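*Asks:* Below you'll find the structure I mean.
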Protein chains: 2
Amino acid sequence: MEEREKLHENQRGPLLMSDVRIRNMDEFAVVCGISRPTISKYFNDPHSVRDSTRKKIEIALEKYDYRPNVFAMNQNRKLTKNVGIVVPYLADPFFAEIARNMEQRCLDHGFQPTLYSAHGQKQLEIDILDGLRSLKPAGVLLAPLGRDSDVSFVEKFCRDVPTVLFDSMVHGLDEPYVGSDNPQFARMMVEYLCRDGEPPCFFEMESPANPNAVKRRNAYLEAMRYFGHEPQIIQAKGQGWSFEEVGRLGGLAALEAKAFATNTVLCSNDRLAIGFMSACFEKGFTIGRTEEAAIRIAGQDDHPFSRFTCPPMTTVAQDYESISHHALETLFRVIDGAKKPSKDKLFGGKLIQRASA
Amino acid sequence: MEEREKLHENQRGPLLMSDVRIRNMDEFAVVCGISRPTISKYFNDPHSVRDSTRKKIEIALEKYDYRPNVFAMNQNRKLTKNVGIVVPYLADPFFAEIARNMEQRCLDHGFQPTLYSAHGQKQLEIDILDGLRSLKPAGVLLAPLGRDSDVSFVEKFCRDVPTVLFDSMVHGLDEPYVGSDNPQFARMMVEYLCRDGEPPCFFEMESPANPNAVKRRNAYLEAMRYFGHEPQIIQAKGQGWSFEEVGRLGGLAALEAKAFATNTVLCSNDRLAIGFMSACFEKGFTIGRTEEAAIRIAGQDDHPFSRFTCPPMTTVAQDYESISHHALETLFRVIDGAKKPSKDKLFGGKLIQRASA
DNA sequence: CCTTAAACTTTGCGCGCGTAAAAATTTGAT
DNA sequence: ATCAAATTTTTACGCGCGCAAAGTTTAAGG
C-alpha cells in the first residue's frame, strides 16, 4: 500500500514520459491506481470496464508509453485479436485493393490484420495456413488459390480456425463464402454486347486455376443460347498467374489463326483482356466500338488499371466494398460464436461502359 | 526415468501420428529421448546441435506434429526470427513484386517475414512501425512513404530495430539504404531519346511524395544541359498514390494547353506514363517511335504492366533481384551484429526499348 | 435508505518456453 | 588409451500475462 501511494503520488508530480519505464502490467497497474486484472480486462476490451476506470487508464497511457507484451498476452489466450488475410496472388492489384479494404475494417473493429500471399504456389498456401494456425487467430479471411489448393488441407484448417472464404470457392467446402455473382457478370456483358453489336466470342485460359472462370464460361454459353447466337470459346494456352502474358500469346495465336467468328471478344477477366489488347495492337487491329475499329474487347472485374488501357476497357466492376464489408461482418459473426449456417453471399457486378466495347 | 523409458518404447511401436498429442516441449523431449534444453536449442537453430541429435529430433517431428508455441518462444527472447517488410503502397505491383522477392529470401534464411503496407497514409506507417516494434523483429526492411514519413519517428524506430531502407531514402537518416541509381535512370533514357529523335520534355507530379522523383528530375535537367538541349518540365497537379489518374488528368491539361515543346515525353515513372498514354489516346495522339506517330512516351521503372500497354512502353528496368538480394544480405549482416557502417548501395537500371519511344 | 447487480480487488496458480550454471557424457584427435 | 573440447543433461528460475474464485466496493433504482 505504501509503495503504491508513493507512485500514485508521483503521477501528479512533474513526471515526464521518459522518467520511469514501466516494465510490465503490474507496474502499470500501480501507476494507474488500479488492479492488474482490471488493466488486463481493459486491454482485452476497453469497453468492458467502467467509464471512470477507462479514463484513468487512458490518462496513464498518455503519460507512460506502456504497452502489454504481445507474446505474453497471447500465450494463455485461446483466441487472439489477430485476423489473417490470405490471398492467392498479391501482385494482382485486385487482391491488393480488396486486402487493403479488409485490413482497414479489421483495424476499425479492434483486430490486428496480417496479410499473406500464396504467390500462386500451392505449397506456400499450405505453409501460410500452417503458420497461421499457430498464431491462434480469431479468424481468417481466405481467398484460396482455387483449383491448385490442397482441398483436404484447407478443409482441416477451416475446422480449426473460423474462416470466411472470399473471391473463389473451394469445391466441397462448407464454410461461409462471400464473392461475386460471376454468372451475372457474364450474362450482363453478353447482353450488352449483343445489344450494341455482334455477339461476342469468349476468350479464356485453357485450364484456369480460378473456378470463377468456369462459371463465367458457362454463363456465357447459356446467355448466348438464350439470345439465339452460336457461342464460340477460344482458349489461350498457358498456366500460372501471368494472365497478361497468357492473354497476349494466346491472343496472337488466335488472331493469326483468324479464329474469331465475330468482331467482338469477351475476355474471362480484365488481366487476360489487357494482354489480348496488347496482342491486337501488335497485329494492327484497332480496338473500340466505333465504326472504324476492327474489334471490340470487353473484360470482367474492373481491374484498377482497366480504365487506363488504350482504349479504356469496357468491363464489369466487382463490388469491392460490399464483398469486403460482408466478408468481415460474416467473420465477426462467426467469431462471436453465433455460428449461423450463413449461406454463401454473392454480389452482382456493375457494367462499366468505356470505349473498348 | 521410468515414464520416459515407457514413452520412448512406444516410439518404436505401432504408434500413429494421431495417437498421442504432444502438448509442449517437455513431452516432445520425452518422446525424442532428448532433454528439453537441447530441443529448445534445436528450434532456435537446427544446426546448433549434433548431427545425430538433429536426426533423432527430425524423426520424431515426422511422427508427431508438435510445433513449439510461438508466443512462449518469443516471450523470453530478446530477438525473434521475425522480419518485417513495410512498403508504402502495396496496390502498386512494383512493391508487390519486390515484397514477394524479399519474402522468399527471408524464408530461405529461416526467417518469418510479415508484410505491411502503409497504403499511402502517414499515420498508418507510424502505427505499423509501432506495432512492429512490439513484435521484437530481428530486422525490418522499410520502404518509407518518403516525404510524407514522420522522419523523427522513423529515426527513433531505426535506433531500436535493425533496419534496412529500400526504394526510397529518408533525408537525414543514417541507416543502410539499398535502391536504384535514379539519376542514372534518367540520364540513360535522355541519352537514348536524344539519339533516337527529338529531346524529351519531362512529365512529373507537382509535389511527388517519393524523393526519387526529385533525383530523376534533376538528372533530367543535367543530362539535357549536357547534351545542349533546353529542358522543359511539365507538372501534373494532384497528389496521393493514384499516379495513373494524376498522369491522365495532368496529361489532358498539358495536351490541351499544347504545353510540350517537343514530340517526346519522358515520364517520371511508369504509372504516370500509363496515365499519360491514356490521355494521349483520348486526345487522338498516336504514340510511338514510327514516322506516323505523333508523340513518343517513355517511362521509368519497368512496371509489370508496362510491356502490355498499347504500344508497349519503353522504360528503364529496376533491378528487382539485385535490390532485394542486397537488401537482405545487408540486413542479415546488421542482425549478425557486425554493424558495418555499410554505405548506401545503388543499382543501375537497364534500358528496355519497346515501341512507345 | 436499502437492495442488488455490476464492477473492481486480492490472491494465487499456471502457461510454455528461454536461459543459466554445473555436472555428466560423448566425441575426436593425439 | 588419454585427454581436452564439444555437446548434452540436470536442475532451477523467471518472463508477463490469462484466468478463476472469493471478497469488497461502487453505482443505480426503488
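For the C-alpha cells, the naming scheme is as follows: chains receive sequential letters (A, B, ...) according to their order of presentation, residues are indexed from 1 within each chain, and ligands are indexed from 1 in presentation order.
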As a PyMOL selection string, could you give me every residue of chain A near chain B (at most 7 Å apart, counting only C-alpha atoms)?

*Replies:* chain A and resi 70-72+74-75+90-93+96-97+115+134+274-275+278+281+308-311

*Asks:* Residues of chain D were defined as contacting chain B if any atom lay at most 10 Å from it, counting only C-alpha atoms (C1' of nucleotides); please report them as a ChimeraX atom specification.

*Replies:* /D:6-10,14-16

*Asks:* For the selection you just gave me, I'd like the residues written to a file as a compact mmCIF listing (two decimals), in the first residue's frame, keeping C-alpha atoms (C1' of nucleotides).

*Replies:*
```txt
# COMPACT_ATOMS: atom_id res chain seq x y z
C1' DA D 6 32.21 -30.07 -27.61
C1' DT D 7 27.83 -31.41 -26.55
C1' DT D 8 24.10 -32.83 -23.70
C1' DT D 9 21.70 -33.42 -19.12
C1' DT D 10 20.05 -31.85 -14.78
C1' DG D 14 11.76 -16.32 -14.31
C1' DC D 15 9.17 -14.00 -18.05
C1' DG D 16 4.47 -11.32 -18.45
```

*Asks:* Near chain A, which residues of chain C fall within 10 Å when you count only C-alpha atoms (C1' of nucleotides), and what do they look like as a ChimeraX atom specification?

*Replies:* /C:6-10,14-16

*Asks:* Determine which residues of segment 159-338 of chain A DSSP labels as strand (DSSP E) from the backbone of this structure, then write them out as an MDAnalysis selection string.

*Replies:* chainID A and resid 163:166 177:180 201:205 233:236 264:267 296:298 315:317

*Asks:* For segment 249-259 of chain A, please output as a PyMOL selection string all residues within 12 Å (counting only C-alpha atoms (C1' of nucleotides); exclusion window: fewer than 2 positions along the same chain).

*Replies:* (chain A and resi 201-206+232-239+242-247+261-265+267+272-285+294-295+297) or (chain B and resi 308)
